[in-house]
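A.B. asks: Dropping in data.txt, which is compact mmCIF, C-alpha atoms:
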# COMPACT_ATOMS: atom_id res chain seq x y z
CA MET A 1 89.57 -41.78 45.71
CA THR A 2 91.48 -45.04 46.03
CA SER A 3 92.97 -46.74 42.99
CA GLN A 4 90.52 -49.62 43.45
CA ALA A 5 87.52 -47.27 43.41
CA LEU A 6 88.91 -45.50 40.34
CA LEU A 7 89.42 -48.83 38.54
CA VAL A 8 85.87 -49.97 39.27
CA GLN A 9 84.40 -46.66 38.12
CA VAL A 10 86.44 -46.60 34.90
CA THR A 11 85.37 -50.19 34.20
CA LEU A 12 81.70 -49.34 34.70
CA LEU A 13 82.07 -46.27 32.50
CA LEU A 14 83.65 -48.28 29.69
CA CYS A 15 80.94 -50.94 29.98
CA SER A 16 78.29 -48.23 29.74
CA ILE A 17 79.90 -46.69 26.67
CA SER A 18 80.09 -50.12 25.05
CA ALA A 19 76.41 -50.71 25.80
CA PHE A 20 75.52 -47.35 24.26
CA ALA A 21 77.60 -48.13 21.17
CA VAL A 22 75.90 -51.47 20.49
CA ALA A 23 72.38 -50.32 21.43
CA GLY A 24 71.37 -50.24 17.78
CA SER A 25 69.28 -47.07 17.68
CA GLN A 26 69.27 -43.53 19.01
CA GLU A 27 65.96 -44.11 20.79
CA ARG A 28 67.39 -47.06 22.69
CA VAL A 29 70.46 -45.06 23.70
CA LEU A 30 68.24 -42.26 25.00
CA GLN A 31 66.23 -44.83 26.96
CA MET A 32 69.45 -46.16 28.50
CA VAL A 33 70.57 -42.63 29.36
CA THR A 34 67.21 -42.02 31.05
CA VAL A 35 67.69 -45.15 33.14
CA SER A 36 71.21 -44.08 34.11
CA ILE A 37 70.23 -40.58 35.28
CA PRO A 38 68.68 -41.58 38.64
CA PHE A 39 71.22 -44.30 39.45
CA VAL A 40 74.67 -42.95 38.59
CA ALA A 41 75.08 -41.13 41.92
CA PHE A 42 73.88 -44.23 43.77
CA ALA A 43 76.43 -46.39 41.97
CA ARG A 44 79.17 -43.88 42.84
CA ARG A 45 78.26 -44.04 46.53
CA LEU A 46 78.24 -47.83 46.53
CA VAL A 47 81.60 -48.07 44.76
CA VAL A 48 83.21 -45.56 47.11
CA HIS A 49 81.69 -47.16 50.20
CA PHE A 50 82.75 -50.72 49.42
CA THR A 51 86.23 -49.78 48.15
CA GLY A 52 87.09 -47.40 50.97
CA GLY A 53 87.40 -44.27 48.84
CA SER A 54 86.51 -40.64 49.58
CA THR A 55 82.84 -39.63 49.50
CA ASP A 56 83.40 -35.90 49.29
CA SER A 57 80.58 -34.75 46.99
CA ALA A 58 82.27 -31.41 46.36
CA THR A 59 84.90 -33.13 44.24
CA SER A 60 83.12 -36.29 43.09
CA GLN A 61 81.19 -34.62 40.29
CA ALA A 62 84.40 -33.18 38.87
CA PHE A 63 86.57 -36.28 39.09
CA ASP A 64 84.47 -39.44 39.43
CA PRO A 65 84.42 -41.18 36.03
CA LEU A 66 80.88 -42.48 36.56
CA VAL A 67 79.48 -38.97 36.34
CA LEU A 68 80.30 -39.13 32.62
CA VAL A 69 77.93 -42.06 31.91
CA PRO A 70 74.84 -40.07 30.82
CA ILE A 71 77.08 -37.54 29.09
CA ALA A 72 78.74 -40.31 27.06
CA GLY A 73 75.34 -41.60 25.94
CA ILE A 74 74.21 -38.16 24.79
CA VAL A 75 77.48 -37.59 22.92
CA ILE A 76 76.95 -40.85 21.03
CA VAL A 77 73.42 -39.73 20.08
CA LEU A 78 74.68 -36.32 18.97
CA LEU A 79 77.40 -37.83 16.81
CA HIS A 80 74.66 -39.51 14.79
CA GLY A 81 72.21 -36.62 14.96
CA VAL A 82 74.21 -33.48 14.17
CA PRO A 83 73.25 -32.28 10.67
CA ARG A 84 75.78 -33.04 7.94
CA GLY A 85 76.35 -31.38 4.60
CA GLY A 86 73.43 -31.77 2.25
CA GLN A 87 71.03 -32.98 4.95
CA ARG A 88 67.85 -31.04 5.75
CA ALA A 89 68.69 -27.69 4.21
CA ALA A 90 65.47 -26.15 5.56
CA ARG A 91 65.26 -25.91 9.35
CA PRO A 92 62.33 -24.73 11.46
CA ARG A 93 62.62 -21.21 12.84
CA ASP A 94 62.68 -22.29 16.47
CA TYR A 95 65.69 -24.48 15.69
CA TRP A 96 67.69 -21.40 14.71
CA PHE A 97 66.39 -19.68 17.84
CA VAL A 98 67.90 -22.49 19.93
CA VAL A 99 71.12 -22.34 17.92
CA LEU A 100 71.39 -18.61 18.60
CA THR A 101 71.00 -19.28 22.32
CA ILE A 102 73.72 -21.94 22.15
CA VAL A 103 76.05 -19.47 20.44
CA LEU A 104 75.39 -16.82 23.10
CA VAL A 105 75.88 -19.28 25.98
CA ALA A 106 78.97 -20.83 24.35
CA LEU A 107 80.46 -17.38 23.81
CA GLY A 108 79.74 -16.51 27.43
CA VAL A 109 81.28 -19.78 28.63
CA VAL A 110 84.48 -19.34 26.63
CA VAL A 111 84.95 -15.69 27.54
CA SER A 112 84.06 -16.23 31.19
CA ASP A 113 86.12 -19.39 31.63
CA LEU A 114 89.18 -17.72 30.17
CA GLY A 115 88.66 -14.31 31.76
CA GLY A 116 86.84 -15.21 34.96
CA GLY A 117 88.88 -18.06 36.37
CA GLY A 118 86.72 -20.90 35.12
CA THR A 119 89.37 -23.34 33.95
CA THR A 120 89.15 -25.74 36.90
CA PRO A 121 87.84 -29.29 36.28
CA SER A 122 84.67 -28.51 38.24
CA THR A 123 83.77 -25.37 36.28
CA ILE A 124 84.58 -27.04 32.97
CA TYR A 125 82.28 -29.93 33.91
CA TYR A 126 79.35 -27.66 34.75
CA SER A 127 79.75 -25.46 31.67
CA SER A 128 80.09 -28.51 29.41
CA LEU A 129 76.95 -30.08 30.89
CA THR A 130 75.00 -26.85 30.30
CA LEU A 131 76.11 -26.62 26.66
CA LEU A 132 75.50 -30.33 26.07
CA ALA A 133 71.90 -30.03 27.25
CA LEU A 134 71.28 -27.09 24.91
CA VAL A 135 72.85 -28.88 21.94
CA LEU A 136 70.68 -31.93 22.68
CA LEU A 137 67.63 -29.64 22.76
CA ALA A 138 68.55 -28.22 19.35
CA VAL A 139 69.14 -31.62 17.75
CA VAL A 140 65.86 -33.07 19.05
CA ALA A 141 63.91 -29.93 18.08
CA SER A 142 65.39 -29.96 14.57
CA GLU A 143 64.18 -33.54 14.03
CA SER A 144 67.73 -34.68 13.29
CA VAL A 145 67.00 -37.62 15.59
CA ARG A 146 63.76 -39.50 16.08
CA ASP A 147 61.60 -38.34 18.95
CA ALA A 148 62.24 -40.86 21.72
CA TRP A 149 59.89 -39.23 24.22
CA PRO A 150 57.01 -41.76 23.88
CA ARG A 151 59.41 -44.54 24.88
CA ILE A 152 60.98 -42.46 27.64
CA GLU A 153 57.57 -41.62 29.07
CA ARG A 154 56.78 -45.30 29.53
CA LEU A 155 59.99 -45.75 31.55
CA LEU A 156 59.52 -42.83 33.94
CA PRO A 157 56.73 -44.21 36.20
CA THR A 158 58.62 -47.45 36.82
CA LEU A 159 61.89 -45.64 37.46
CA GLY A 160 60.08 -43.19 39.73
CA ALA A 161 58.56 -46.05 41.72
CA ILE A 162 62.00 -47.60 42.28
CA VAL A 163 63.59 -44.28 43.24
CA GLY A 164 60.64 -43.34 45.47
CA LEU A 165 60.59 -46.68 47.31
CA TYR A 166 64.30 -46.42 47.96
CA GLY A 167 63.74 -42.86 49.19
CA ILE A 168 61.22 -44.12 51.76
CA TYR A 169 63.65 -46.84 52.84
CA GLN A 170 66.43 -44.27 53.08
CA PHE A 171 64.33 -42.03 55.30
CA PHE A 172 63.47 -44.75 57.81
CA LYS A 173 66.69 -46.82 57.71
CA LEU A 174 69.44 -44.60 56.15
CA PRO A 175 71.93 -47.18 54.79
CA SER A 176 75.57 -46.80 55.76
CA TRP A 177 76.70 -45.72 52.28
CA ASP A 178 74.21 -42.86 52.31
CA ARG A 179 75.14 -41.89 55.88
CA ASP A 180 78.84 -41.86 55.00
CA TRP A 181 78.15 -39.63 52.01
CA MET A 182 76.17 -37.19 54.15
CA ILE A 183 78.93 -36.94 56.74
CA ALA A 184 81.73 -36.57 54.19
CA SER A 185 79.87 -34.06 52.02
CA GLY A 186 79.24 -31.65 54.88
CA LEU A 187 75.93 -30.58 53.33
CA THR A 188 73.60 -29.14 55.97
CA THR A 189 70.67 -28.95 53.56
CA VAL A 190 70.11 -32.71 53.70
CA GLY A 191 69.43 -32.73 57.42
CA HIS A 192 71.16 -34.93 59.97
CA PRO A 193 72.71 -38.35 59.22
CA TYR A 194 70.13 -40.23 61.26
CA PRO A 195 66.94 -42.07 60.29
CA MET A 196 63.84 -39.86 60.03
CA GLN A 197 65.98 -36.71 60.28
CA VAL A 198 67.25 -36.66 56.71
CA ARG A 199 65.84 -34.89 53.68
CA VAL A 200 65.56 -37.77 51.27
CA PHE A 201 67.86 -37.75 48.25
CA GLY A 202 67.17 -41.35 47.24
CA THR A 203 69.47 -42.76 44.58
CA LEU A 204 70.48 -39.29 43.37
CA GLU A 205 73.10 -36.84 44.60
CA SER A 206 70.93 -34.45 46.62
CA PRO A 207 67.27 -33.70 47.47
CA GLY A 208 66.88 -31.29 44.53
CA PRO A 209 67.67 -33.73 41.70
CA TYR A 210 65.74 -36.46 43.55
CA ALA A 211 62.63 -34.26 43.80
CA CYS A 212 62.97 -33.28 40.13
CA PHE A 213 63.03 -36.90 39.01
CA VAL A 214 60.20 -38.08 41.27
CA GLY A 215 58.14 -35.07 40.17
CA VAL A 216 58.65 -35.99 36.52
CA ALA A 217 57.65 -39.61 37.28
CA ILE A 218 54.44 -38.40 38.98
CA LEU A 219 53.49 -36.28 35.97
CA ALA A 220 54.31 -39.05 33.49
CA ALA A 221 52.19 -41.52 35.47
CA PHE A 222 49.38 -38.98 35.70
CA HIS A 223 49.48 -38.39 31.95
CA ILE A 224 49.35 -42.13 31.21
CA ALA A 225 46.40 -42.42 33.59
CA VAL A 226 44.58 -39.64 31.74
CA VAL A 227 44.98 -41.18 28.29
CA SER A 228 44.50 -44.82 29.33
CA LYS A 229 41.50 -46.88 30.33
CA GLY A 230 40.74 -49.73 32.68
CA ALA A 231 43.40 -51.30 34.87
CA ARG A 232 46.21 -49.27 33.32
CA ARG A 233 44.48 -46.02 34.29
CA VAL A 234 43.91 -47.20 37.86
CA LEU A 235 47.50 -48.45 38.23
CA HIS A 236 49.13 -45.23 37.03
CA ALA A 237 46.71 -43.01 38.93
CA ALA A 238 47.55 -44.90 42.11
CA LEU A 239 51.26 -44.62 41.32
CA ALA A 240 51.03 -40.86 40.73
CA VAL A 241 49.23 -40.36 44.03
CA GLY A 242 51.50 -42.76 45.93
CA LEU A 243 54.71 -41.05 44.79
CA MET A 244 53.60 -37.85 46.52
CA PHE A 245 54.80 -39.26 49.86
CA PRO A 246 58.44 -39.86 48.85
CA LEU A 247 58.37 -36.47 47.14
CA LEU A 248 57.33 -34.83 50.42
CA LEU A 249 60.18 -36.57 52.25
CA SER A 250 62.67 -34.66 50.08
CA GLY A 251 61.53 -31.41 51.67
CA VAL A 252 61.78 -29.66 48.27
CA ARG A 253 58.74 -27.39 48.34
CA ALA A 254 59.32 -26.04 44.83
CA ALA A 255 58.92 -29.56 43.39
CA LEU A 256 55.65 -30.04 45.26
CA ILE A 257 54.31 -26.72 43.99
CA GLY A 258 55.49 -27.52 40.46
CA VAL A 259 53.76 -30.92 40.46
CA LEU A 260 50.49 -29.44 41.71
CA ILE A 261 50.53 -26.66 39.11
CA CYS A 262 51.40 -28.99 36.23
CA ALA A 263 48.89 -31.64 37.30
CA ALA A 264 46.15 -29.01 37.44
CA ILE A 265 47.02 -27.66 33.98
CA LEU A 266 47.33 -31.14 32.48
CA GLY A 267 43.99 -32.14 33.95
CA LEU A 268 42.32 -28.99 32.68
CA ALA A 269 43.82 -29.30 29.20
CA THR A 270 43.50 -33.01 28.54
CA ALA A 271 41.46 -34.94 31.09
CA ARG A 272 37.97 -36.11 30.25
CA GLY A 273 35.26 -37.60 32.43
CA LEU A 274 36.34 -39.08 35.75
CA ALA A 275 40.00 -38.41 34.92
CA ARG A 276 39.35 -34.76 35.81
CA VAL A 277 39.27 -35.71 39.50
CA LEU A 278 42.88 -36.96 39.43
CA PRO A 279 44.42 -33.48 39.99
CA ILE A 280 42.05 -33.04 42.93
CA GLY A 281 43.21 -36.39 44.30
CA ILE A 282 46.86 -35.44 43.95
CA GLY A 283 46.22 -32.11 45.68
CA ALA A 284 44.30 -33.79 48.49
CA VAL A 285 47.08 -36.33 49.02
CA ALA A 286 49.62 -33.49 49.11
CA ILE A 287 47.67 -31.68 51.84
CA VAL A 288 47.14 -34.85 53.88
CA GLY A 289 50.77 -35.84 53.33
CA ILE A 290 52.10 -32.49 54.55
CA ASN A 291 49.99 -32.75 57.70
CA LEU A 292 51.15 -36.34 58.24
CA VAL A 293 54.83 -35.58 57.74
CA THR A 294 54.84 -32.45 59.90
CA SER A 295 52.85 -34.04 62.72
CA ARG A 296 54.83 -37.29 62.71
CA PHE A 297 58.38 -36.06 62.08
CA GLY A 298 58.26 -32.33 62.80
CA GLY A 299 59.20 -32.82 66.44
CA SER A 300 62.52 -34.53 65.64
CA SER A 301 63.53 -32.58 62.53
CA THR A 302 63.25 -28.87 61.76
CA LEU A 303 63.19 -29.75 58.06
CA PHE A 304 59.65 -31.10 58.51
CA SER A 305 58.41 -28.65 61.10
CA GLN A 306 54.94 -27.13 60.82
CA GLN A 307 56.48 -23.67 60.57
CA ARG A 308 58.58 -24.57 57.53
CA TRP A 309 55.55 -25.87 55.64
CA SER A 310 53.21 -23.06 56.66
CA ALA A 311 52.37 -20.28 54.19
CA ASN A 312 52.44 -17.80 57.08
CA SER A 313 56.19 -18.30 57.53
CA LEU A 314 57.20 -17.52 53.94
CA GLY A 315 58.06 -13.94 54.86
CA THR A 316 60.76 -15.12 57.27
CA ASP A 317 61.77 -18.41 55.63
CA PRO A 318 65.56 -18.34 54.93
CA SER A 319 65.21 -20.31 51.70
CA VAL A 320 62.56 -17.98 50.31
CA GLN A 321 64.50 -14.90 51.36
CA ALA A 322 67.68 -16.23 49.75
CA ARG A 323 65.89 -16.63 46.43
CA LEU A 324 64.36 -13.18 46.67
CA ASN A 325 67.86 -11.79 47.19
CA LEU A 326 68.79 -13.22 43.80
CA ILE A 327 66.89 -10.33 42.23
CA SER A 328 69.57 -7.91 43.42
CA VAL A 329 72.26 -10.37 42.30
CA ALA A 330 70.75 -10.43 38.81
CA ARG A 331 70.53 -6.64 38.74
CA ASP A 332 74.23 -6.34 39.62
CA SER A 333 75.26 -8.93 37.01
CA ILE A 334 73.13 -7.87 34.03
CA THR A 335 75.75 -5.40 32.79
CA ARG A 336 78.68 -7.84 32.93
CA VAL A 337 79.73 -9.45 29.67
CA ILE A 338 82.26 -11.66 31.46
CA GLY A 339 80.84 -13.92 34.15
CA GLN A 340 82.41 -15.51 37.20
CA PRO A 341 82.39 -19.30 36.74
CA SER A 342 84.30 -19.87 39.97
CA VAL A 343 81.64 -18.40 42.30
CA THR A 344 79.04 -20.43 44.20
CA HIS A 345 76.09 -21.54 42.12
CA ALA A 346 72.84 -19.60 42.52
CA ASP A 347 69.57 -21.44 43.21
CA ASN A 348 67.99 -20.21 39.99
CA LEU A 349 68.60 -21.29 36.40
CA TRP A 350 68.72 -17.86 34.79
CA VAL A 351 70.49 -15.99 37.57
CA ASP A 352 73.08 -18.77 37.79
CA VAL A 353 73.85 -18.61 34.05
CA LEU A 354 73.83 -14.80 34.22
CA VAL A 355 76.36 -14.73 37.06
CA LEU A 356 78.55 -17.56 35.76
CA TYR A 357 78.66 -16.73 32.04
CA GLY A 358 77.64 -13.09 31.66
CA ALA A 359 74.74 -11.03 30.35
CA LEU A 360 74.55 -12.43 26.81
CA ALA A 361 74.27 -16.02 28.00
CA GLY A 362 71.80 -15.18 30.77
CA VAL A 363 69.47 -13.08 28.64
CA GLY A 364 69.62 -15.52 25.72
CA LEU A 365 68.68 -18.48 27.93
CA PHE A 366 65.89 -16.51 29.60
CA VAL A 367 64.30 -15.57 26.26
CA LEU A 368 64.58 -19.17 25.06
CA THR A 369 62.87 -20.61 28.15
CA VAL A 370 60.07 -18.03 27.93
CA TYR A 371 59.51 -19.13 24.34
CA ILE A 372 59.54 -22.80 25.39
CA LEU A 373 57.05 -22.01 28.16
CA ILE A 374 54.66 -20.48 25.63
CA ARG A 375 55.02 -23.50 23.34
CA CYS A 376 54.36 -25.85 26.29
CA LEU A 377 51.01 -24.21 26.98
CA TRP A 378 50.20 -24.07 23.25
CA THR A 379 50.94 -27.78 22.89
CA MET A 380 48.78 -28.82 25.84
CA PHE A 381 45.77 -26.69 24.96
CA LYS A 382 45.88 -26.56 21.15
CA VAL A 383 47.91 -29.37 19.63
CA GLY A 384 46.94 -32.32 21.77
CA ILE A 385 47.94 -34.61 24.60
CA ASN A 386 51.68 -34.83 25.16
CA SER A 387 53.45 -35.47 28.45
CA ALA A 388 56.65 -33.86 27.16
CA ALA A 389 54.96 -30.46 27.30
CA VAL A 390 53.83 -30.78 30.90
CA ILE A 391 57.22 -32.11 32.01
CA ALA A 392 58.94 -29.28 30.15
CA LEU A 393 56.66 -26.89 32.05
CA PHE A 394 57.68 -28.59 35.31
CA ALA A 395 61.36 -28.19 34.39
CA VAL A 396 60.86 -24.46 33.79
CA ILE A 397 59.15 -24.13 37.18
CA MET A 398 62.02 -25.99 38.85
CA GLY A 399 64.41 -23.57 37.15
CA VAL A 400 63.09 -20.91 39.52
CA ALA A 401 64.46 -22.89 42.47
CA THR A 402 67.64 -24.44 41.05
CA ASP A 403 69.88 -24.52 37.99
CA ILE A 404 68.52 -27.65 36.35
CA LEU A 405 71.35 -27.66 33.78
CA THR A 406 74.05 -28.32 36.38
CA PHE A 407 73.02 -31.93 36.99
CA SER A 408 71.96 -34.77 34.73
CA PHE A 409 68.25 -33.94 35.06
CA GLY A 410 69.01 -31.12 32.61
CA LEU A 411 69.52 -33.74 29.88
CA LEU A 412 66.06 -35.16 30.53
CA ALA A 413 64.63 -31.63 30.53
CA ALA A 414 66.35 -30.97 27.18
CA LEU A 415 64.66 -34.03 25.69
CA ALA A 416 61.28 -32.76 26.92
CA PHE A 417 61.98 -29.25 25.61
CA GLY A 418 62.99 -30.54 22.18
CA SER A 419 60.01 -32.89 21.91
CA THR A 420 57.66 -30.05 22.91
CA LEU A 421 58.99 -27.77 20.17
CA ARG A 422 58.46 -30.56 17.65
CA GLN A 423 54.91 -31.24 18.82
CA ALA A 424 54.03 -27.53 18.79
CA ARG A 425 54.59 -27.44 15.01
CA LYS A 426 51.92 -30.05 14.39
CA GLN A 427 48.41 -29.30 13.19
CA PRO A 428 46.18 -28.64 16.23
CA SER A 429 44.09 -31.71 16.98
CA ASN A 430 40.88 -29.67 17.21
CA VAL A 431 41.32 -28.16 13.74
CA ILE A 432 39.94 -30.21 10.86
CA GLU A 433 40.80 -29.09 7.37
CA ASP A 434 38.14 -29.17 4.68
CA VAL A 435 39.28 -31.82 2.23
CA PRO A 436 37.39 -31.64 -1.06
CA THR A 437 36.20 -34.83 -2.65
CA PHE A 438 36.05 -35.35 -6.42
CA ARG A 439 33.99 -37.90 -8.20
CA THR A 440 35.86 -37.84 -11.52
CA THR A 441 39.35 -37.22 -12.82
CA ALA A 442 38.06 -34.21 -14.75
CA GLN A 443 36.87 -32.58 -11.53
CA ARG A 444 40.31 -33.08 -9.93
CA GLN A 445 42.10 -31.61 -12.96
CA SER A 446 39.70 -28.64 -13.01
CA ALA A 447 40.39 -27.96 -9.33
CA LEU A 448 44.15 -28.09 -9.94
CA ILE A 449 43.83 -25.57 -12.78
CA ARG A 450 41.80 -23.18 -10.60
CA ASN A 451 44.36 -23.38 -7.81
Turn the structure described in the file into structure tokens.
C.D. replies:
Amino acid sequence: MTSQALLVQVTLLLCSISAFAVAGSQERVLQMVTVSIPFVAFARRLVVHFTGGSTDSATSQAFDPLVLVPIAGIVIVLLHGVPRGGQRAARPRDYWFVVLTIVLVALGVVVSDLGGGGTTPSTIYYSSLTLLALVLLAVVASESVRDAWPRIERLLPTLGAIVGLYGIYQFFKLPSWDRDWMIASGLTTVGHPYPMQVRVFGTLESPGPYACFVGVAILAAFHIAVVSKGARRVLHAALAVGLMFPLLLSGVRAALIGVLICAAILGLATARGLARVLPIGIGAVAIVGINLVTSRFGGSSTLFSQQRWSANSLGTDPSVQARLNLISVARDSITRVIGQPSVTHADNLWVDVLVLYGALAGVGLFVLTVYILIRCLWTMFKVGINSAAVIALFAVIMGVATDILTFSFGLLAALAFGSTLRQARKQPSNVIEDVPTFRTTAQRQSALIRN
């Protein structure tokens, strides 16, 4: 990286930290962090492109100052949200469950980093990001900070529309800063650096994070459509359906499957009347979109070939086989207390943590996410309508295909996880308590004596 690029990035980082500091509330800071998540990588590419610096993505996440922008915002929130002496002596049980997981993962990180060669800037960055997401989850779940999810939900459809539109533009035009990044990064998974031959990564760093964010935007828009009426319902329903096309251009099949599953569950759990047809519409658009993409672009790019998107080819698909091989990797690593932070990341949340940080961290995180999964379903079907639960469910599904805690999407997932645990403690919306009524003060006093 040139000195000019470094200066620009440091300046932008300091400006971001200053904006977080004067934001005035934790909710506003979390909103700003949400906005930064899909655009930090884009800003890094622009800075590097126009200052003549290196675009090597293998080192940019470890050394580019801009990668610290969302992290800085979360740290500022945590500094105001970590419990202090005398505050909230009684904590919910699931809070201590999360804390136990953090202890296990932190112990695994420290032991593995010191004993497994994980003291490089890159490994320290990834382990710190993983721990930061878990701490954020604990603080939100403990109600040490106000639940900002309702405000964040309103931002996601608009952000998704911007990211998705740029993804479409990127696919057909491929701007020079994106092409330079592709060439310098040497990543073969993003296709070829030519228009209509690239797996779209939009404003993010790779197709995986891009698909995660667009998928979250689809589900947030779908949820708003379900609970709204009139023009707002039509607008967000159209947005949810329309974002399926830029999602398909990423080529991330796990995200497509996750969106379809979550949309179906959300529709079943919460939709009423005509809103129940929205999951069917999303599924129909997905099928039509796959046929359109494979027929139009399959001839020029193997990433969009009919074979890759056919269920009949799953038995021979390299990506599917690689993930199935992770079962043997997990079996070999389950007995290791000390992980190997310097090895290549696995395309699975739990296997990756297991390999990198050892058995205690891997098993602890797995048990926590299973518990969160149960609370997600409980929240959607018993407590009431809440988009955080369905997005948390989507994040768990994406964990099967990638380690969501190794990029900034993990911070957004942590907010959804924490909000879901809070919502799950509420009185179910379909349960109405019998509240006795008393006509006189004597009746009230008599009832108090009996009780």
A.B. asks: Separation of CA of Gln423 in chain A and CA of Val396 in chain A, in Å?
C.D. replies: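 Between these atoms lies a distance of 17.5 Å.
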A.B. asks: For a test of reading the model, state the distance in Å between CA of Ala231 in chain A and CA of Trp149 in chain A, rounded to one decimal.
C.D. replies: 23.0 Å
A.B. asks: I want to know what sits within 12 Å of Tyr169 in chain A, based on only C-alpha atoms, with residues of the same chain fewer than 2 positions away left out; could you give that as a ChimeraX atom specification?
C.D. replies: /A:162-167,171-175,178,195-196,198,200-203,246,249
A.B. asks: What lies within 12 Å of Val288 in chain A using all atoms listed in the file, ignoring chain neighbours under 5 positions off, as a list in words?
C.D. replies: Val241, Met244, Phe245, Leu248, Gly281, Ile282, Gly283, Val293, Thr294, Ser295 and Arg296 of chain A
A.B. asks: Contacts of Ser419 in chain A at 12 Å or less, counting all atoms listed in the file, minus same-chain residues fewer than 5 places along, as a compact mmCIF listing (two decimals) with C-alpha atoms, in the coordinates of the input?
C.D. replies:
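Result file follows (result-v8.txt):
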# COMPACT_ATOMS: atom_id res chain seq x y z
CA TYR A 95 65.69 -24.48 15.69
CA LEU A 136 70.68 -31.93 22.68
CA LEU A 137 67.63 -29.64 22.76
CA ALA A 138 68.55 -28.22 19.35
CA VAL A 139 69.14 -31.62 17.75
CA VAL A 140 65.86 -33.07 19.05
CA ALA A 141 63.91 -29.93 18.08
CA SER A 142 65.39 -29.96 14.57
CA GLU A 143 64.18 -33.54 14.03
CA SER A 144 67.73 -34.68 13.29
CA VAL A 145 67.00 -37.62 15.59
CA ARG A 146 63.76 -39.50 16.08
CA ASP A 147 61.60 -38.34 18.95
CA ALA A 148 62.24 -40.86 21.72
CA TRP A 149 59.89 -39.23 24.22
CA PRO A 150 57.01 -41.76 23.88
CA ILE A 152 60.98 -42.46 27.64
CA GLU A 153 57.57 -41.62 29.07
CA ILE A 372 59.54 -22.80 25.39
CA ARG A 375 55.02 -23.50 23.34
CA CYS A 376 54.36 -25.85 26.29
CA THR A 379 50.94 -27.78 22.89
CA ASN A 386 51.68 -34.83 25.16
CA SER A 387 53.45 -35.47 28.45
CA ALA A 388 56.65 -33.86 27.16
CA ALA A 389 54.96 -30.46 27.30
CA VAL A 390 53.83 -30.78 30.90
CA ILE A 391 57.22 -32.11 32.01
CA ALA A 392 58.94 -29.28 30.15
CA LEU A 412 66.06 -35.16 30.53
CA ALA A 413 64.63 -31.63 30.53
CA ALA A 414 66.35 -30.97 27.18
CA ALA A 424 54.03 -27.53 18.79
CA ARG A 425 54.59 -27.44 15.01
CA LYS A 426 51.92 -30.05 14.39
A.B. asks: CA of Leu12 in chain A and CA of Leu66 in chain A, how far apart in Å?
C.D. replies: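 Taking CA of Leu66 in chain A and CA of Leu12 in chain A, their separation equals 7.2 Å.
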A.B. asks: May I ask which of the residues A:Val109, A:Cys212, A:Val252, A:Ala263 is the closest one to Tyr357 in chain A, counting only C-alpha atoms?
C.D. replies: A:Val109
A.B. asks: From the list A:Ile218, A:Leu132, A:Val47, A:Leu30, which residue is nearest Ala238 in chain A when using only C-alpha atoms?
C.D. replies: A:Ile218
A.B. asks: Using only C-alpha atoms, find the one residue out of A:Ala346, A:Leu131, A:Val355, A:Val105 that sits nearest to Gly399 in chain A.
C.D. replies: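 Distance minimum relative to Gly399 in chain A lands on A:Ala346.
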A.B. asks: Please put the answer as JSON: centre and edge lengths, in Å with one decimal, of a box along x, y and z that encloses all listed atoms of range 145-157 of chain A plus 6 Å on each side.
C.D. replies:
{"center_x": 61.9, "center_y": -41.7, "center_z": 25.9, "size_x": 22.3, "size_y": 20.1, "size_z": 32.6}
A.B. asks: Mind checking which residues fall within 8 Å of Leu405 in chain A, counting only C-alpha atoms, ignoring those fewer than 4 positions away in the same chain, and posting them as a ChimeraX atom specification?
C.D. replies: /A:129-130,133,349,409-411
A.B. asks: Choose the residue, out of A:Ser408, A:Ser16, A:Ser127, A:Thr420, that has the smallest atom-to-atom separation from Ile37 in chain A; count all atoms listed in the file.
C.D. replies: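 Closest to Ile37 in chain A of all the choices is A:Ser408.
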A.B. asks: For Met32 in chain A, which of A:Val10, A:Val67, A:Ala269, A:Ile74 is the closest residue, counting only C-alpha atoms?
C.D. replies: A:Ile74
A.B. asks: Which residue out of A:Gln26, A:Ala161, A:Ile71, A:Leu6 has the minimum interatomic distance to Ser128 in chain A when all atoms listed in the file are used?
C.D. replies: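 Ranking A:Gln26, A:Ala161, A:Ile71, A:Leu6 by distance to Ser128 in chain A, first place goes to A:Ile71.
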A.B. asks: Excluding Leu46 in chain A and any residue of its chain fewer than 4 positions from it, enumerate the residues within 8 Å of it, using all atoms listed in the file, and give them as an MDAnalysis selection string.
C.D. replies: chainID A and resid 42 50 177
